[in-house]
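Structure file coords_23.cif (mmCIF, C-alpha atoms) is printed below.
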```cif
data_coords
#
loop_
_atom_site.label_atom_id
_atom_site.label_comp_id
_atom_site.auth_asym_id
_atom_site.auth_seq_id
_atom_site.Cartn_x
_atom_site.Cartn_y
_atom_site.Cartn_z
CA MET A 13 0.00 0.00 0.00
CA GLU A 14 1.68 3.11 -1.33
CA GLU A 15 0.50 5.50 1.41
CA LEU A 16 1.93 3.35 4.21
CA LYS A 17 5.16 2.75 2.31
CA GLU A 18 5.69 6.48 1.83
CA ARG A 19 4.99 7.15 5.49
CA ILE A 20 7.52 4.52 6.57
CA LEU A 21 10.13 6.01 4.25
CA ARG A 22 9.41 9.51 5.57
CA ASP A 23 8.96 8.88 9.31
CA GLY A 24 10.16 5.33 10.06
CA LYS A 25 13.61 4.71 11.51
CA ASN A 26 15.82 1.66 11.06
CA LEU A 27 17.31 1.18 14.54
CA GLY A 28 19.46 -1.79 13.50
CA ASN A 29 19.02 -5.49 14.31
CA GLY A 30 15.88 -5.53 12.18
CA ILE A 31 14.04 -3.12 14.47
CA LEU A 32 11.86 -0.61 12.64
CA LYS A 33 10.70 2.37 14.70
CA VAL A 34 7.27 3.59 13.63
CA ASP A 35 6.49 5.34 16.92
CA SER A 36 5.28 8.53 15.28
CA PHE A 37 2.33 6.96 13.43
CA VAL A 38 1.69 3.39 14.66
CA ASN A 39 3.19 2.46 18.04
CA HIS A 40 3.13 5.42 20.40
CA GLN A 41 1.68 8.25 18.42
CA VAL A 42 -1.02 6.93 16.11
CA ASP A 43 -2.25 8.53 12.89
CA PRO A 44 -5.95 7.59 12.96
CA GLN A 45 -6.59 8.52 9.32
CA LEU A 46 -3.73 6.30 8.15
CA MET A 47 -4.93 3.48 10.44
CA ASP A 48 -8.41 3.89 9.00
CA THR A 49 -7.07 3.67 5.45
CA CYS A 50 -5.08 0.56 6.37
CA GLY A 51 -8.11 -0.96 8.12
CA ARG A 52 -10.26 -0.35 5.05
CA GLU A 53 -7.71 -2.08 2.83
CA LEU A 54 -7.34 -5.09 5.17
CA ALA A 55 -11.14 -5.31 5.35
CA ARG A 56 -11.29 -5.32 1.55
CA ARG A 57 -8.73 -8.13 1.31
CA PHE A 58 -10.56 -10.29 3.86
CA ALA A 59 -14.09 -9.36 2.81
CA ASN A 60 -14.83 -12.93 1.71
CA ALA A 61 -13.04 -14.78 4.53
CA GLY A 62 -16.25 -15.27 6.50
CA ALA A 63 -14.65 -14.00 9.71
CA THR A 64 -16.90 -13.57 12.74
CA LYS A 65 -14.32 -11.92 14.99
CA ILE A 66 -10.94 -10.20 14.87
CA LEU A 67 -8.19 -11.20 17.28
CA THR A 68 -5.10 -9.14 18.03
CA ALA A 69 -2.53 -8.67 20.78
CA GLU A 70 -2.21 -5.62 22.96
CA ILE A 71 -0.86 -3.03 22.52
CA SER A 72 0.18 -2.05 19.03
CA GLY A 73 -2.24 -4.39 17.31
CA ILE A 74 -5.26 -2.60 18.73
CA ALA A 75 -5.37 0.36 16.33
CA PRO A 76 -5.19 -1.59 13.03
CA ALA A 77 -7.46 -4.34 14.41
CA LEU A 78 -10.06 -1.77 15.47
CA THR A 79 -10.15 0.03 12.14
CA THR A 80 -10.29 -3.26 10.21
CA ALA A 81 -13.13 -4.38 12.49
CA LEU A 82 -15.00 -1.12 11.90
CA HIS A 83 -14.92 -1.70 8.16
CA LEU A 84 -15.91 -5.37 8.46
CA GLY A 85 -18.56 -4.76 11.15
CA LEU A 86 -17.00 -7.32 13.50
CA PRO A 87 -16.02 -7.33 17.20
CA VAL A 88 -12.35 -7.31 18.22
CA VAL A 89 -10.72 -9.28 21.02
CA TYR A 90 -7.26 -8.24 22.12
CA ALA A 91 -5.16 -10.75 24.01
CA ARG A 92 -3.87 -9.25 27.25
CA LYS A 93 -0.26 -9.50 28.41
CA THR A 94 -1.18 -9.13 32.08
CA LYS A 95 -4.31 -10.35 33.82
CA PRO A 96 -6.62 -7.47 34.81
CA VAL A 97 -8.71 -7.77 38.00
CA THR A 98 -11.84 -7.95 35.87
CA MET A 99 -10.68 -11.26 34.35
CA THR A 100 -12.08 -13.34 37.16
CA ASN A 101 -12.68 -16.67 35.48
CA ALA A 102 -10.15 -19.18 34.15
CA VAL A 103 -8.26 -17.85 31.15
CA LEU A 104 -6.40 -19.33 28.21
CA LEU A 105 -2.71 -18.52 28.39
CA THR A 106 0.21 -19.07 26.07
CA LEU A 107 3.77 -17.80 25.88
CA ALA A 108 5.32 -16.06 22.91
CA PRO A 109 8.94 -14.94 22.67
CA SER A 110 9.22 -11.22 22.07
CA HIS A 111 11.77 -10.63 19.35
CA THR A 112 12.27 -6.98 20.29
CA LYS A 113 12.37 -7.53 24.05
CA GLY A 114 14.31 -10.78 24.26
CA VAL A 115 11.89 -12.21 26.82
CA MET A 116 8.85 -14.47 26.86
CA THR A 117 5.55 -12.61 26.89
CA GLU A 118 2.30 -14.04 28.21
CA LEU A 119 -0.80 -13.78 26.03
CA LEU A 120 -4.15 -14.28 27.77
CA VAL A 121 -7.72 -14.46 26.56
CA ALA A 122 -10.98 -15.15 28.31
CA PRO A 123 -12.32 -18.23 26.50
CA GLU A 124 -15.90 -16.87 26.50
CA TYR A 125 -14.91 -14.35 23.82
CA LEU A 126 -13.41 -16.86 21.39
CA ALA A 127 -15.49 -20.00 21.76
CA GLY A 128 -18.62 -21.05 19.90
CA ASN A 129 -17.06 -21.93 16.57
CA GLU A 130 -15.91 -18.37 15.92
CA ARG A 131 -14.07 -17.79 12.65
CA ILE A 132 -11.07 -15.68 13.61
CA LEU A 133 -9.20 -13.13 11.51
CA ILE A 134 -5.89 -12.21 13.19
CA ILE A 135 -4.68 -8.64 12.65
CA ASP A 136 -1.42 -7.21 14.00
CA ASP A 137 0.87 -4.29 13.29
CA PHE A 138 3.92 -6.39 12.34
CA LEU A 139 4.48 -9.79 10.81
CA ALA A 140 8.11 -10.54 11.67
CA SER A 141 9.05 -13.98 13.03
CA GLY A 142 5.36 -14.84 13.38
CA GLU A 143 5.85 -15.84 17.04
CA THR A 144 3.19 -13.49 18.45
CA ILE A 145 0.71 -14.42 15.74
CA MET A 146 1.32 -18.14 16.35
CA GLY A 147 0.62 -17.45 20.04
CA LEU A 148 -2.74 -15.94 19.03
CA VAL A 149 -3.39 -18.96 16.80
CA ARG A 150 -2.80 -21.32 19.75
CA LEU A 151 -5.20 -19.34 21.94
CA ALA A 152 -7.91 -19.32 19.29
CA GLN A 153 -7.52 -23.02 18.55
CA ALA A 154 -7.53 -23.90 22.26
CA ALA A 155 -10.87 -22.08 22.52
CA GLY A 156 -12.28 -24.15 19.67
CA ALA A 157 -12.19 -21.35 17.11
CA VAL A 158 -11.03 -21.55 13.50
CA ILE A 159 -8.43 -19.23 11.95
CA VAL A 160 -9.52 -17.84 8.59
CA GLY A 161 -6.76 -15.34 7.84
CA VAL A 162 -3.84 -13.28 9.08
CA GLY A 163 -3.32 -9.61 8.21
CA ALA A 164 -0.52 -7.22 9.12
CA LEU A 165 0.41 -3.66 8.35
CA ILE A 166 4.12 -4.30 7.88
CA GLU A 167 5.89 -7.57 7.09
CA LYS A 168 9.62 -8.07 7.48
CA THR A 169 10.06 -10.86 4.97
CA PHE A 170 13.61 -11.64 6.14
CA GLU A 171 12.38 -12.87 9.55
CA GLY A 172 10.47 -15.85 8.23
CA GLY A 173 6.99 -15.21 9.61
CA ARG A 174 5.16 -16.10 6.41
CA ALA A 175 6.82 -19.51 6.30
CA ALA A 176 5.96 -20.10 9.96
CA LEU A 177 2.28 -19.39 9.19
CA ARG A 178 2.13 -21.52 6.02
CA PRO A 179 1.02 -24.74 7.79
CA LEU A 180 -2.18 -22.92 8.81
CA GLY A 181 -3.25 -22.92 5.17
CA VAL A 182 -4.97 -19.53 5.42
CA PRO A 183 -4.48 -16.30 3.45
CA VAL A 184 -1.75 -14.05 4.84
CA GLU A 185 -1.93 -10.40 3.79
CA SER A 186 0.55 -7.64 4.60
CA LEU A 187 0.03 -4.09 3.38
CA VAL A 188 3.75 -3.52 2.83
CA CYS A 189 6.70 -5.90 2.80
CA ILE A 190 10.21 -4.94 3.83
CA THR A 191 12.75 -7.28 2.30
CA SER A 192 15.93 -5.84 3.78
CA MET A 193 17.05 -3.55 6.57
CA GLU A 194 20.79 -3.90 6.00
CA GLY A 195 22.76 -0.88 7.23
CA ASP A 196 20.37 1.99 7.74
CA LYS A 197 18.24 1.18 4.68
CA ILE A 198 14.58 0.19 4.47
CA ILE A 199 14.04 -1.77 1.24
CA PHE A 200 10.53 -2.69 0.12
CA GLY A 201 9.68 -5.60 -2.15
CA GLU A 202 7.06 -8.14 -3.10
CA CYS A 203 5.15 -9.77 -0.26
CA GLU A 204 5.11 -13.34 -1.53
CA MET B 8 -25.41 8.55 26.27
CA GLU B 9 -28.32 6.15 26.18
CA GLU B 10 -26.69 3.50 23.96
CA LEU B 11 -23.69 3.08 26.27
CA LYS B 12 -25.89 3.08 29.37
CA GLU B 13 -28.07 0.30 27.95
CA ARG B 14 -25.00 -1.73 27.01
CA ILE B 15 -23.57 -1.41 30.51
CA LEU B 16 -26.88 -2.50 32.03
CA ARG B 17 -27.07 -5.45 29.66
CA ASP B 18 -23.45 -6.67 29.58
CA GLY B 19 -21.58 -4.89 32.40
CA LYS B 20 -20.90 -6.65 35.69
CA ASN B 21 -20.53 -5.10 39.12
CA LEU B 22 -17.70 -7.14 40.66
CA GLY B 23 -17.86 -5.32 44.01
CA ASN B 24 -15.44 -2.77 45.49
CA GLY B 25 -16.46 -0.31 42.78
CA ILE B 26 -15.07 -2.46 39.99
CA LEU B 27 -17.18 -2.49 36.83
CA LYS B 28 -16.41 -5.25 34.35
CA VAL B 29 -17.00 -4.14 30.76
CA ASP B 30 -14.71 -6.76 29.21
CA SER B 31 -17.22 -7.79 26.58
CA PHE B 32 -17.39 -4.42 24.79
CA VAL B 33 -14.60 -2.08 26.04
CA ASN B 34 -11.66 -3.74 27.80
CA HIS B 35 -10.88 -7.11 26.26
CA GLN B 36 -13.47 -7.59 23.59
CA VAL B 37 -14.22 -4.27 21.91
CA ASP B 38 -17.39 -3.31 20.04
CA PRO B 39 -15.98 -1.05 17.31
CA GLN B 40 -19.38 0.37 16.30
CA LEU B 41 -20.13 1.37 19.88
CA MET B 42 -16.64 2.85 20.26
CA ASP B 43 -17.19 4.78 17.04
CA THR B 44 -20.50 6.15 18.30
CA CYS B 45 -18.84 7.14 21.60
CA GLY B 46 -15.92 8.73 19.74
CA ARG B 47 -18.29 10.73 17.56
CA GLU B 48 -20.11 12.04 20.65
CA LEU B 49 -16.86 12.95 22.47
CA ALA B 50 -15.66 14.69 19.30
CA ARG B 51 -18.92 16.67 19.17
CA ARG B 52 -18.54 17.77 22.79
CA PHE B 53 -14.94 18.89 22.28
CA ALA B 54 -15.37 20.27 18.76
CA ASN B 55 -14.58 23.82 19.93
CA ALA B 56 -11.80 23.01 22.41
CA GLY B 57 -9.08 23.78 19.87
CA ALA B 58 -7.25 20.52 20.62
CA THR B 59 -4.26 19.66 18.45
CA LYS B 60 -3.66 16.17 19.85
CA ILE B 61 -5.35 13.46 21.91
CA LEU B 62 -3.52 11.82 24.79
CA THR B 63 -4.56 8.56 26.43
CA ALA B 64 -3.03 5.72 28.42
CA GLU B 65 -2.55 2.19 27.16
CA ILE B 66 -4.39 -0.12 27.04
CA SER B 67 -8.09 0.46 27.46
CA GLY B 68 -7.95 4.14 26.52
CA ILE B 69 -6.74 3.40 23.01
CA ALA B 70 -10.07 2.41 21.43
CA PRO B 71 -12.12 5.46 22.56
CA ALA B 72 -9.17 7.81 21.98
CA LEU B 73 -8.71 6.49 18.45
CA THR B 74 -12.36 6.85 17.46
CA THR B 75 -12.56 10.34 18.99
CA ALA B 76 -9.39 11.27 17.10
CA LEU B 77 -10.84 9.93 13.84
CA HIS B 78 -13.85 12.22 14.21
CA LEU B 79 -11.75 15.24 15.19
CA GLY B 80 -9.03 14.58 12.60
CA LEU B 81 -6.26 14.63 15.23
CA PRO B 82 -3.31 12.36 16.08
CA VAL B 83 -3.36 10.25 19.24
CA VAL B 84 -0.50 9.60 21.63
CA TYR B 85 -0.86 6.77 24.11
CA ALA B 86 1.32 6.80 27.19
CA ARG B 87 3.15 3.50 27.54
CA LYS B 88 3.35 1.53 30.78
CA THR B 89 6.60 -0.18 29.81
CA LYS B 90 9.42 1.21 27.72
CA PRO B 91 9.61 -0.43 24.28
CA VAL B 92 13.01 -0.90 22.62
CA THR B 93 12.04 1.66 20.00
CA MET B 94 11.87 4.40 22.66
CA THR B 95 15.55 5.15 22.49
CA ASN B 96 15.71 8.76 23.64
CA ALA B 97 15.00 10.20 27.09
CA VAL B 98 11.35 9.89 28.06
CA LEU B 99 9.00 11.65 30.43
CA LEU B 100 7.88 9.34 33.20
CA THR B 101 5.37 9.67 36.01
CA LEU B 102 3.76 7.26 38.45
CA ALA B 103 0.03 6.80 38.92
CA PRO B 104 -1.57 4.50 41.47
CA SER B 105 -3.79 1.90 39.85
CA HIS B 106 -7.04 1.70 41.76
CA THR B 107 -7.93 -1.71 40.38
CA LYS B 108 -4.47 -3.24 40.74
CA GLY B 109 -3.38 -1.73 44.06
CA VAL B 110 0.08 -0.91 42.68
CA MET B 111 1.86 2.08 41.17
CA THR B 112 1.93 2.10 37.38
CA GLU B 113 4.50 3.92 35.29
CA LEU B 114 3.29 6.15 32.48
CA LEU B 115 5.85 7.12 29.83
CA VAL B 116 5.78 9.41 26.84
CA ALA B 117 8.41 10.47 24.36
CA PRO B 118 8.52 14.26 24.74
CA GLU B 119 8.82 14.81 20.98
CA TYR B 120 5.17 13.83 20.55
CA LEU B 121 3.79 16.28 23.12
CA ALA B 122 5.99 19.35 22.90
CA GLY B 123 5.63 22.45 20.72
CA ASN B 124 2.72 24.08 22.50
CA GLU B 125 0.35 21.24 21.74
CA ARG B 126 -3.21 21.63 23.03
CA ILE B 127 -4.05 18.27 24.55
CA LEU B 128 -7.43 16.59 24.89
CA ILE B 129 -7.20 13.63 27.29
CA ILE B 130 -9.52 10.69 26.55
CA ASP B 131 -9.80 7.55 28.66
CA ASP B 132 -12.25 4.71 29.17
CA PHE B 133 -12.94 5.42 32.86
CA LEU B 134 -12.93 8.50 35.05
CA ALA B 135 -12.78 7.05 38.57
CA SER B 136 -10.34 8.54 41.10
CA GLY B 137 -8.75 10.61 38.34
CA GLU B 138 -5.27 9.32 39.26
CA THR B 139 -4.39 8.01 35.79
CA ILE B 140 -5.71 11.13 34.11
CA MET B 141 -3.73 13.35 36.51
CA GLY B 142 -0.66 11.30 35.54
CA LEU B 143 -1.33 12.13 31.89
CA VAL B 144 -1.79 15.79 32.83
CA ARG B 145 1.62 15.83 34.54
CA LEU B 146 3.27 14.30 31.46
CA ALA B 147 1.65 16.80 29.12
CA GLN B 148 2.52 19.75 31.31
CA ALA B 149 6.11 18.55 31.75
CA ALA B 150 6.39 18.53 27.95
CA GLY B 151 5.17 22.10 27.77
CA ALA B 152 1.72 21.25 26.43
CA VAL B 153 -1.60 22.70 27.55
CA ILE B 154 -4.59 20.60 28.63
CA VAL B 155 -7.83 21.72 26.98
CA GLY B 156 -10.26 19.04 28.11
CA VAL B 157 -10.82 15.59 29.60
CA GLY B 158 -13.29 13.07 28.21
CA ALA B 159 -14.25 9.60 29.44
CA LEU B 160 -16.69 6.92 28.45
CA ILE B 161 -17.74 6.02 31.98
CA GLU B 162 -17.45 8.09 35.15
CA LYS B 163 -17.85 6.65 38.64
CA THR B 164 -18.92 9.82 40.42
CA PHE B 165 -18.45 8.27 43.88
CA GLU B 166 -14.67 8.00 43.43
CA GLY B 167 -14.02 11.74 43.27
CA GLY B 168 -12.24 12.07 39.95
CA ARG B 169 -14.15 15.14 38.78
CA ALA B 170 -13.21 17.03 41.95
CA ALA B 171 -9.57 16.01 41.49
CA LEU B 172 -9.60 17.45 37.96
CA ARG B 173 -11.41 20.72 38.90
CA PRO B 174 -8.19 22.70 39.56
CA LEU B 175 -7.29 22.23 35.87
CA GLY B 176 -10.17 24.52 34.95
CA VAL B 177 -10.99 22.59 31.77
CA PRO B 178 -14.21 20.96 30.58
CA VAL B 179 -14.67 17.37 31.79
CA GLU B 180 -17.13 15.26 29.80
CA SER B 181 -18.24 11.71 30.57
CA LEU B 182 -20.69 9.89 28.35
CA VAL B 183 -22.36 8.13 31.27
CA CYS B 184 -22.09 8.64 35.02
CA ILE B 185 -22.51 5.89 37.58
CA THR B 186 -23.45 7.32 40.95
CA SER B 187 -23.60 4.11 42.98
CA MET B 188 -22.46 0.51 42.81
CA GLU B 189 -23.78 -0.58 46.21
CA GLY B 190 -24.51 -4.32 46.43
CA ASP B 191 -24.72 -5.67 42.90
CA LYS B 192 -26.46 -2.60 41.47
CA ILE B 193 -25.27 -0.17 38.79
CA ILE B 194 -27.09 3.17 39.30
CA PHE B 195 -26.77 5.94 36.72
CA GLY B 196 -27.27 9.62 37.46
CA GLU B 197 -26.32 13.15 36.46
CA CYS B 198 -22.66 13.75 35.63
CA GLU B 199 -22.21 17.06 37.36
#
```

Write out the structure in this file as structure tokens.
Amino acid sequence: MEELKERILRDGKNLGNGILKVDSFVNHQVDPQLMDTCGRELARRFANAGATKILTAEISGIAPALTTALHLGLPVVYARKTKPVTMTNAVLLTLAPSHTKGVMTELLVAPEYLAGNERILIIDDFLASGETIMGLVRLAQAAGAVIVGVGALIEKTFEGGRAALRPLGVPVESLVCITSMEGDKIIFGECE
Amino acid sequence: MEELKERILRDGKNLGNGILKVDSFVNHQVDPQLMDTCGRELARRFANAGATKILTAEISGIAPALTTALHLGLPVVYARKTKPVTMTNAVLLTLAPSHTKGVMTELLVAPEYLAGNERILIIDDFLASGETIMGLVRLAQAAGAVIVGVGALIEKTFEGGRAALRPLGVPVESLVCITSMEGDKIIFGECE
């Protein structure tokens, strides 16, 4: 998606070690109009997936998941990383290694919001190693739900996430694909 | 706002000790259409506040802040509770006691997204004791920004937040006000 690509080239920063800083429009400061445009495009790509719910992970996934959900007319569930006091019943929990933090992160969902043969579309800001998204897949499957697609704003193709998701056999859509971050460059390329 | 009130009465749960569970439409599962309606109403109420940016706190503030921002055409900044690896420069940090967790929570913002005489509208899901919102106020003021208003989806009037915010001298708008949660009841009343 040209608009997102241009924004990354203008305002994104390559911090080295494959870390892309997009804090001025996605991760800390959010550009709602851009997120809405991205959400509309993800909604268009998954219009025929038959999803009944969108699943994402807090925190950075919330904005793109919400705007995609608005355009598809679906509810969103965001997996929590800490258990709030309002989560009183038993929860589903899995661990996912955080590439950027070097630690294991917990992902929790209340099973009542995923059960009942829901058809789940996973939306996140990044598709990198795919570890967080596979954590969401495990949670959804443990709740008895079916995954129907995975969408991301930004894919780093050199971290292997698409290959990790291939066994799911569902469509994977990224709005832009970064094929190299050698040196201080940000190189875009084909997604598949 | 009648639609939010009816949803709270239908799906909200009074867990005791003043804790209202709205996990099925605000805090874990999100109803994007309802959030959009709430955002449109908050945008209407603050249409003349001259805000240049919306500030909220992760995690539950993000959805209402984003939809309000969409309707006002403004960027959103969400204060982080942990420092991501992409936040490489010095940050502004304050502590706010979490009523529902019984611990102190850190709130962090990168000063570059608040400085430059920004006029800040604070949006959050709850106005309870006002402690989180006062934390956001301190961050904004430390960055040299001006607060022009505070908006919340749900106010618990019996926790004193509105009085805590009064010295700011800015408009405070809540879409619904809960005046009592004695026993298992949820009683709505006037906001001011």

> Can you list what the PyMOL selection byres ((chain B) within 9 of (chain A)) grabs from this structure, as a PyMOL selection string?
Replying inline: chain B and resi 22+26-32+34-40+43+62+65-66+69-70+73-74+76-77+80-87+91-94+107-108+116-117+120

Generate the output file for the selected residues, C-alpha atoms, as a PDB file, in the coordinates of the input.
```pdb
ATOM      1  CA  LEU B  22     -17.700  -7.140  40.660  1.00  0.00           C
ATOM      2  CA  ILE B  26     -15.070  -2.460  39.990  1.00  0.00           C
ATOM      3  CA  LEU B  27     -17.180  -2.490  36.830  1.00  0.00           C
ATOM      4  CA  LYS B  28     -16.410  -5.250  34.350  1.00  0.00           C
ATOM      5  CA  VAL B  29     -17.000  -4.140  30.760  1.00  0.00           C
ATOM      6  CA  ASP B  30     -14.710  -6.760  29.210  1.00  0.00           C
ATOM      7  CA  SER B  31     -17.220  -7.790  26.580  1.00  0.00           C
ATOM      8  CA  PHE B  32     -17.390  -4.420  24.790  1.00  0.00           C
ATOM      9  CA  ASN B  34     -11.660  -3.740  27.800  1.00  0.00           C
ATOM     10  CA  HIS B  35     -10.880  -7.110  26.260  1.00  0.00           C
ATOM     11  CA  GLN B  36     -13.470  -7.590  23.590  1.00  0.00           C
ATOM     12  CA  VAL B  37     -14.220  -4.270  21.910  1.00  0.00           C
ATOM     13  CA  ASP B  38     -17.390  -3.310  20.040  1.00  0.00           C
ATOM     14  CA  PRO B  39     -15.980  -1.050  17.310  1.00  0.00           C
ATOM     15  CA  GLN B  40     -19.380   0.370  16.300  1.00  0.00           C
ATOM     16  CA  ASP B  43     -17.190   4.780  17.040  1.00  0.00           C
ATOM     17  CA  LEU B  62      -3.520  11.820  24.790  1.00  0.00           C
ATOM     18  CA  GLU B  65      -2.550   2.190  27.160  1.00  0.00           C
ATOM     19  CA  ILE B  66      -4.390  -0.120  27.040  1.00  0.00           C
ATOM     20  CA  ILE B  69      -6.740   3.400  23.010  1.00  0.00           C
ATOM     21  CA  ALA B  70     -10.070   2.410  21.430  1.00  0.00           C
ATOM     22  CA  LEU B  73      -8.710   6.490  18.450  1.00  0.00           C
ATOM     23  CA  THR B  74     -12.360   6.850  17.460  1.00  0.00           C
ATOM     24  CA  ALA B  76      -9.390  11.270  17.100  1.00  0.00           C
ATOM     25  CA  LEU B  77     -10.840   9.930  13.840  1.00  0.00           C
ATOM     26  CA  GLY B  80      -9.030  14.580  12.600  1.00  0.00           C
ATOM     27  CA  LEU B  81      -6.260  14.630  15.230  1.00  0.00           C
ATOM     28  CA  PRO B  82      -3.310  12.360  16.080  1.00  0.00           C
ATOM     29  CA  VAL B  83      -3.360  10.250  19.240  1.00  0.00           C
ATOM     30  CA  VAL B  84      -0.500   9.600  21.630  1.00  0.00           C
ATOM     31  CA  TYR B  85      -0.860   6.770  24.110  1.00  0.00           C
ATOM     32  CA  ALA B  86       1.320   6.800  27.190  1.00  0.00           C
ATOM     33  CA  ARG B  87       3.150   3.500  27.540  1.00  0.00           C
ATOM     34  CA  PRO B  91       9.610  -0.430  24.280  1.00  0.00           C
ATOM     35  CA  VAL B  92      13.010  -0.900  22.620  1.00  0.00           C
ATOM     36  CA  THR B  93      12.040   1.660  20.000  1.00  0.00           C
ATOM     37  CA  MET B  94      11.870   4.400  22.660  1.00  0.00           C
ATOM     38  CA  THR B 107      -7.930  -1.710  40.380  1.00  0.00           C
ATOM     39  CA  LYS B 108      -4.470  -3.240  40.740  1.00  0.00           C
ATOM     40  CA  VAL B 116       5.780   9.410  26.840  1.00  0.00           C
ATOM     41  CA  ALA B 117       8.410  10.470  24.360  1.00  0.00           C
ATOM     42  CA  TYR B 120       5.170  13.830  20.550  1.00  0.00           C
TER      43      TYR B 120
END
```

>> Once the PyMOL selection byres ((chain B and resi 168-171) around 10) has been evaluated on this model, what residues remain selected, and can you format them as an MDAnalysis selection string?
In response: chainID B and resid 133:141 157 162:167 172:175 179:181 198:199

>> Under the rule that all atoms listed in the file are counted, which of B:Arg17, B:Leu160, B:Val183, B:Arg51 is the nearest residue to Phe195 (chain B)?
In response: B:Val183

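CA of Ile154 (chain B) lies 7.4 Å from CA of Val177 (chain B).
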
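Residue neighbourhood of Ile194 (chain B), excluding near-sequence residues (fewer than 6 positions): B:Ile185, B:Thr186, B:Ser187, at 6 Å, using all atoms listed in the file.
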
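Straight-line separation from CA of Ile132 (chain A) to CA of Leu148 (chain A): 9.9 Å.
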
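Between CA of Arg57 (chain A) and CA of Pro183 (chain A) lies a distance of 9.5 Å.
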
Please put the answer as AutoDock Vina command-line options: centre and edge lengths, in Å with one decimal, of a box along x, y and z that encloses all listed atoms of region 164-169 of chain B plus 5 Å on each side.
```
--center_x -15.6 --center_y 11.6 --center_z 41.3 --size_x 16.7 --size_y 17.1 --size_z 15.1
```

Write out as a PDB file with C-alpha atoms, keeping the file's coordinate frame each polymer residue whose atoms come within 9 Å of Gly123 (chain B), counting all atoms listed in the file; drop sequence neighbours fewer than 6 positions from it.
```pdb
ATOM      1  CA  ALA B 150       6.390  18.530  27.950  1.00  0.00           C
ATOM      2  CA  GLY B 151       5.170  22.100  27.770  1.00  0.00           C
ATOM      3  CA  ALA B 152       1.720  21.250  26.430  1.00  0.00           C
TER       4      ALA B 152
END
```

>> Under the rule that all atoms listed in the file are counted, which of A:Val115, A:Ile166, A:Asp196, A:Ala127 is the nearest residue to Ile20 (chain A)?
In response: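 Once distances to Ile20 (chain A) are computed over all atoms listed in the file, the minimum belongs to A:Ile166.
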
>> Between B:Leu16, B:Cys45, B:Ala149, B:Leu102, which residue has the minimum interatomic distance to Glu125 (chain B), considering all atoms listed in the file?
In response: B:Ala149
